[in-house]
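protein_21.cif follows (mmCIF, C-alpha atoms):
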data_query
loop_
_atom_site.label_atom_id
_atom_site.label_comp_id
_atom_site.auth_asym_id
_atom_site.auth_seq_id
_atom_site.Cartn_x
_atom_site.Cartn_y
_atom_site.Cartn_z
CA MET R 76 -6.42 20.66 -1.93
CA TYR R 77 -4.76 19.55 -5.15
CA GLY R 78 -1.72 17.48 -5.96
CA LEU R 79 -2.59 14.64 -3.55
CA ILE R 80 -1.05 11.21 -4.11
CA ASP R 81 -2.85 8.03 -3.13
CA SER R 82 0.00 5.78 -2.06
CA HIS R 83 -1.97 2.51 -1.95
CA CYS R 84 -5.33 1.95 -3.62
CA HIS R 85 -6.69 -1.45 -4.62
CA LEU R 86 -8.75 -0.89 -7.74
CA ASP R 87 -10.02 -4.44 -7.73
CA ASP R 88 -11.60 -6.33 -10.63
CA VAL R 89 -15.30 -5.86 -9.91
CA SER R 90 -15.41 -2.30 -8.60
CA PHE R 91 -12.80 -0.94 -10.96
CA ASP R 92 -14.29 -2.54 -14.03
CA GLU R 93 -17.78 -1.32 -13.18
CA ASP R 94 -17.09 2.32 -12.40
CA ARG R 95 -13.40 2.93 -13.01
CA ASP R 96 -13.88 6.21 -14.86
CA ALA R 97 -16.33 7.50 -12.26
CA ILE R 98 -13.89 6.68 -9.45
CA LEU R 99 -11.09 8.48 -11.24
CA ARG R 100 -13.27 11.52 -11.92
CA ARG R 101 -14.18 11.77 -8.24
CA ALA R 102 -10.52 11.37 -7.33
CA GLU R 103 -9.58 14.22 -9.66
CA MET R 104 -12.27 16.44 -8.16
CA ALA R 105 -10.82 15.71 -4.71
CA GLY R 106 -7.40 16.86 -5.90
CA VAL R 107 -5.81 13.43 -6.37
CA CYS R 108 -3.37 13.52 -9.28
CA LYS R 109 -1.50 10.21 -8.90
CA ILE R 110 -2.52 6.78 -7.59
CA ILE R 111 -0.35 3.74 -6.77
CA VAL R 112 -2.26 0.55 -7.61
CA PRO R 113 -0.95 -2.85 -6.40
CA ALA R 114 -1.76 -6.08 -8.26
CA TYR R 115 -1.54 -9.48 -6.56
CA THR R 116 -1.70 -11.97 -9.42
CA PRO R 117 -0.46 -12.16 -13.03
CA LYS R 118 -4.05 -11.76 -14.24
CA HIS R 119 -4.53 -8.60 -12.18
CA TRP R 120 -1.15 -7.31 -13.32
CA CYS R 121 -1.95 -7.64 -17.03
CA ARG R 122 -5.25 -5.84 -16.61
CA LEU R 123 -3.66 -3.16 -14.46
CA LYS R 124 -0.89 -2.50 -16.98
CA GLU R 125 -3.47 -2.07 -19.72
CA THR R 126 -5.46 0.33 -17.54
CA CYS R 127 -2.37 2.37 -16.70
CA ARG R 128 -1.67 2.83 -20.38
CA HIS R 129 -4.98 4.68 -20.71
CA HIS R 130 -4.74 6.60 -17.41
CA PRO R 131 -1.37 8.36 -17.01
CA GLY R 132 -2.05 9.18 -13.34
CA LEU R 133 -2.09 5.49 -12.36
CA TYR R 134 1.14 3.72 -11.42
CA PRO R 135 1.37 -0.07 -11.09
CA ALA R 136 2.88 -2.00 -8.21
CA TYR R 137 3.17 -5.77 -8.05
CA GLY R 138 3.88 -8.35 -5.37
CA VAL R 139 2.78 -11.75 -4.15
CA HIS R 140 0.62 -11.28 -1.06
CA PRO R 141 0.97 -14.22 1.39
CA LEU R 142 -2.64 -15.28 0.82
CA TYR R 143 -1.90 -15.67 -2.91
CA LEU R 144 1.06 -18.01 -2.53
CA ASP R 145 0.30 -21.20 -4.45
CA ASP R 146 2.21 -24.42 -3.76
CA ARG R 147 1.39 -25.59 -7.29
CA ASP R 148 3.04 -22.60 -8.93
CA ASP R 149 6.81 -22.96 -9.20
CA ARG R 150 7.11 -20.08 -11.68
CA TRP R 151 6.03 -17.21 -9.46
CA GLU R 152 9.57 -15.98 -8.85
CA ALA R 153 10.35 -15.64 -12.56
CA THR R 154 6.96 -14.02 -13.20
CA LEU R 155 7.47 -11.58 -10.36
CA ALA R 156 10.96 -10.64 -11.52
CA THR R 157 9.62 -9.87 -15.01
CA HIS R 158 6.71 -7.75 -13.78
CA LEU R 159 8.78 -5.77 -11.29
CA THR R 160 10.86 -4.25 -14.07
CA GLN R 161 7.72 -2.28 -15.04
CA ALA R 162 6.48 -1.49 -11.52
CA VAL R 163 7.01 1.55 -9.31
CA ALA R 164 6.94 -0.59 -6.15
CA LEU R 165 6.85 -4.13 -4.79
CA GLY R 166 3.73 -4.98 -2.85
CA GLU R 167 1.56 -5.43 -1.03
CA ILE R 168 3.59 -8.17 0.70
CA GLY R 169 4.10 -9.29 4.28
CA LEU R 170 3.35 -12.17 6.64
CA ASP R 171 -0.17 -13.35 7.43
CA ALA R 172 -1.15 -15.31 10.54
CA SER R 173 -4.85 -15.62 9.73
CA GLU R 174 -6.63 -18.96 9.46
CA GLY R 175 -6.07 -20.62 6.10
CA ALA R 176 -2.86 -18.72 5.38
CA PRO R 177 0.10 -20.66 3.92
CA ASP R 178 2.69 -22.29 6.15
CA ALA R 179 4.76 -19.72 8.09
CA ALA R 180 8.09 -21.03 6.79
CA ARG R 181 6.87 -20.77 3.18
CA GLN R 182 5.62 -17.25 3.78
CA GLN R 183 8.93 -16.15 5.29
CA ALA R 184 10.89 -17.65 2.40
CA ALA R 185 8.69 -15.92 -0.19
CA PHE R 186 8.85 -12.66 1.77
CA THR R 187 12.66 -12.80 1.80
CA ILE R 188 12.84 -13.58 -1.92
CA GLN R 189 10.63 -10.61 -2.75
CA LEU R 190 12.57 -8.22 -0.52
CA THR R 191 15.79 -9.36 -2.22
CA MET R 192 14.29 -8.50 -5.61
CA ALA R 193 13.14 -5.10 -4.39
CA GLN R 194 16.58 -4.29 -3.04
CA GLN R 195 18.29 -5.39 -6.26
CA LEU R 196 15.91 -3.29 -8.39
CA GLY R 197 15.90 -0.30 -6.04
CA LEU R 198 12.13 -0.50 -5.59
CA PRO R 199 10.22 0.64 -2.50
CA VAL R 200 8.03 -1.91 -0.71
CA ILE R 201 4.34 -1.66 0.17
CA LEU R 202 4.34 -3.74 3.35
CA HIS R 203 1.32 -5.46 4.87
CA ALA R 204 1.96 -4.72 8.56
CA ARG R 205 -1.08 -6.11 10.33
CA GLN R 206 0.33 -9.40 11.65
CA SER R 207 3.59 -11.11 12.64
CA LEU R 208 5.34 -7.76 13.02
CA GLU R 209 8.22 -9.03 15.15
CA GLU R 210 9.07 -11.62 12.49
CA VAL R 211 8.75 -8.95 9.79
CA ILE R 212 11.14 -6.64 11.65
CA LEU R 213 13.73 -9.41 12.08
CA ILE R 214 13.67 -10.17 8.34
CA LEU R 215 13.80 -6.49 7.34
CA ARG R 216 16.97 -6.00 9.37
CA ARG R 217 18.74 -8.11 6.74
CA PHE R 218 17.94 -5.54 4.04
CA PRO R 219 19.65 -2.26 4.95
CA GLY R 220 18.71 0.64 2.73
CA LEU R 221 15.34 -0.81 1.72
CA ARG R 222 12.50 1.73 1.93
CA GLY R 223 8.74 1.49 1.82
CA VAL R 224 5.36 2.16 3.38
CA LEU R 225 3.55 0.25 6.13
CA HIS R 226 0.00 -0.52 5.11
CA SER R 227 -2.77 -1.84 7.43
CA PHE R 228 -0.51 -1.14 10.40
CA SER R 229 -1.81 -2.52 13.71
CA GLY R 230 1.30 -2.46 15.86
CA SER R 231 2.45 -0.27 18.71
CA LEU R 232 4.17 3.10 18.62
CA VAL R 233 7.42 1.31 19.52
CA GLN R 234 7.04 -1.10 16.58
CA ALA R 235 6.16 1.77 14.26
CA GLN R 236 9.31 3.60 15.30
CA ARG R 237 11.46 0.48 14.81
CA LEU R 238 10.07 0.01 11.32
CA MET R 239 10.59 3.66 10.50
CA ASP R 240 14.17 3.37 11.67
CA LEU R 241 14.50 0.67 9.00
CA GLY R 242 13.30 3.08 6.31
CA PHE R 243 9.52 2.70 6.26
CA LEU R 244 6.78 5.33 6.35
CA LEU R 245 3.37 4.81 7.96
CA GLY R 246 0.51 4.73 5.47
CA LEU R 247 -2.86 5.91 6.75
CA GLY R 248 -6.09 5.04 4.97
CA GLY R 249 -9.79 5.05 5.72
CA ALA R 250 -9.33 3.18 9.00
CA LEU R 251 -7.89 6.34 10.51
CA THR R 252 -11.34 7.94 10.51
CA HIS R 253 -12.97 4.95 12.23
CA PRO R 254 -13.81 5.55 15.94
CA ARG R 255 -12.42 2.14 16.95
CA ALA R 256 -8.94 2.92 15.61
CA GLN R 257 -7.87 4.54 18.88
CA ARG R 258 -4.39 3.03 19.03
CA LEU R 259 -3.64 3.99 15.45
CA ARG R 260 -4.86 7.53 16.05
CA ALA R 261 -2.65 7.80 19.15
CA THR R 262 0.32 6.53 17.15
CA VAL R 263 -0.25 9.08 14.40
CA ALA R 264 -0.49 11.92 16.89
CA ASN R 265 3.00 11.06 18.17
CA LEU R 266 4.89 10.71 14.89
CA PRO R 267 6.40 13.43 12.71
CA VAL R 268 4.35 14.24 9.62
CA GLU R 269 7.44 13.59 7.50
CA SER R 270 7.04 9.89 8.38
CA LEU R 271 3.44 9.62 7.14
CA LEU R 272 1.69 8.83 3.86
CA ALA R 273 -2.01 9.21 3.07
CA GLU R 274 -3.84 6.45 1.20
CA THR R 275 -7.30 5.02 0.73
CA ASP R 276 -7.09 1.25 0.05
CA ALA R 277 -9.97 -0.47 -1.78
CA PRO R 278 -12.90 1.14 -3.57
CA TRP R 279 -15.09 -1.14 -1.43
CA GLN R 280 -13.71 -2.42 1.85
CA THR R 281 -13.82 -6.19 2.38
CA PRO R 282 -15.54 -7.74 5.42
CA HIS R 283 -12.15 -7.50 7.15
CA GLY R 284 -12.40 -3.72 6.92
CA HIS R 285 -15.58 -1.67 7.13
CA PRO R 286 -18.28 -3.53 5.18
CA GLY R 287 -20.19 -1.44 2.70
CA ILE R 288 -18.31 1.80 3.29
CA ARG R 289 -16.96 3.53 0.21
CA ASN R 290 -13.21 4.02 0.55
CA GLU R 291 -11.76 5.33 -2.69
CA PRO R 292 -9.27 7.98 -3.84
CA ALA R 293 -12.00 10.63 -3.71
CA TYR R 294 -11.93 10.30 0.08
CA LEU R 295 -8.24 11.10 0.34
CA SER R 296 -9.04 14.72 1.18
CA GLU R 297 -11.16 13.48 4.13
CA ILE R 298 -8.23 11.44 5.42
CA ILE R 299 -6.01 14.51 5.12
CA ALA R 300 -8.60 16.52 7.07
CA SER R 301 -8.70 13.84 9.77
CA LEU R 302 -4.91 13.88 10.01
CA ALA R 303 -4.95 17.66 10.32
CA GLN R 304 -7.48 17.51 13.14
CA LEU R 305 -5.52 14.82 14.99
CA ARG R 306 -2.27 16.71 14.76
CA HIS R 307 -3.59 20.29 15.06
CA THR R 308 -1.79 21.06 11.80
CA PRO R 309 -3.22 22.89 8.74
CA ALA R 310 -4.65 20.43 6.21
CA GLN R 311 -2.77 22.09 3.35
CA GLU R 312 0.53 21.50 5.13
CA ILE R 313 -0.34 17.82 5.74
CA ALA R 314 -1.31 17.45 2.07
CA GLN R 315 1.92 18.99 0.81
CA VAL R 316 4.18 16.95 3.07
CA THR R 317 2.50 13.59 2.52
CA ALA R 318 2.33 14.17 -1.24
CA GLN R 319 6.04 14.95 -1.32
CA ASN R 320 6.72 11.85 0.80
CA ALA R 321 4.91 9.73 -1.82
CA LEU R 322 6.67 11.40 -4.76
CA THR R 323 10.03 10.77 -3.17
CA LEU R 324 9.36 7.20 -2.00
CA PHE R 325 7.96 5.97 -5.32
CA HIS R 326 10.22 8.11 -7.56
CA LEU R 327 7.11 9.31 -9.39
CA GLN R 328 8.90 12.29 -10.94
CA ASP R 329 10.92 9.76 -12.95
CA ALA R 330 8.20 7.15 -13.52
CA PRO R 331 7.29 6.32 -17.12
#

Mind converting the file's structure to structure tokens?
Amino acid sequence: MYGLIDSHCHLDDVSFDEDRDAILRRAEMAGVCKIIVPAYTPKHWCRLKETCRHHPGLYPAYGVHPLYLDDRDDRWEATLATHLTQAVALGEIGLDASEGAPDAARQQAAFTIQLTMAQQLGLPVILHARQSLEEVILILRRFPGLRGVLHSFSGSLVQAQRLMDLGFLLGLGGALTHPRAQRLRATVANLPVESLLAETDAPWQTPHGHPGIRNEPAYLSEIIASLAQLRHTPAQEIAQVTAQNALTLFHLQDAP
């Protein structure tokens, strides 16, 4: 299968610096032609932009993840606004209820500011949808016309449908193939393929994911195969539809 688009892959500092070219070669062999890469901090953004200049198939996204909000930094809004003019998407952003996360009110304010920027610039949003989904849905209702993809989704079929009604697609990465992801698999089986995106996430999953398991763009074809098996649909059809979904959402035909 060729022409696949990885709609959300963290090519983080350590892994990407160590074997970036090898990762990209394996991705190409798997049929992946374009990869969306989010950056969370100005440092990551500068390195990502430089990398994208040397790899035309990489497209940068930028956003302030809730865990990276810094009370000492009063310039993040101006920095974000500058970077977003060169990005294909805003994200990964959202709300985080985990221990050690910033104050909920601060998160919601930053989330709203970033969504406002995305709407003004006409950018899609890569949305972290693992926690605080009801609060996320309430805030999103204030931004009609905004579109994006739900990453790390852990909600119900009802919540997925409500978010899709607001203009979001469901992104499915390596977790889809994990035996414990029963609810996610059931959700996927009951949604139209036109509402789905395929993605891989990080080259190495963090302890919050599947420790030690390789999860890179080269595995995108395995995710497509898993989707095909779940939905009893030919893999080639899944690949074509999800790739077109990504092209349309991120305006990649027009990207620089």

Output of the PyMOL selection byres ((chain R and resi 219) around 12), listed as a list in words: Leu190, Thr191, Ala193, Gln194, Gln195, Gly197, Ile212, Leu213, Ile214, Leu215, Arg216, Arg217, Phe218, Gly220, Leu221, Arg222, Gly223, Leu238, Asp240, Leu241, Gly242 and Phe243 of chain R

Hey, what's within 10 Å of stretch 313-315 of chain R if we count all atoms listed in the file and toss same-chain stuff fewer than 4 positions away? As a ChimeraX atom specification, please? /R:76-80,268-269,271-273,295-296,298-300,302-303,306,308-309,319-320

With the file shown as input, list the residues that the PyMOL selection byres ((chain R and resi 166-171) around 10) selects, as a PyMOL selection string. chain R and resi 83+85+112-115+135-143+159+162-165+172-179+181-183+185-187+189-190+193+198-208+210-211+223-226

I would like the residues chosen by the PyMOL selection byres ((chain R and resi 251-264) around 10) on the shown file; could you give them as a ChimeraX atom specification? /R:227-233,235-236,245-250,265-268,270-271,273,275,285,297-307

Atom CA of R:Thr323 and atom CA of R:Glu291 are how many Å apart? 22.5 Å
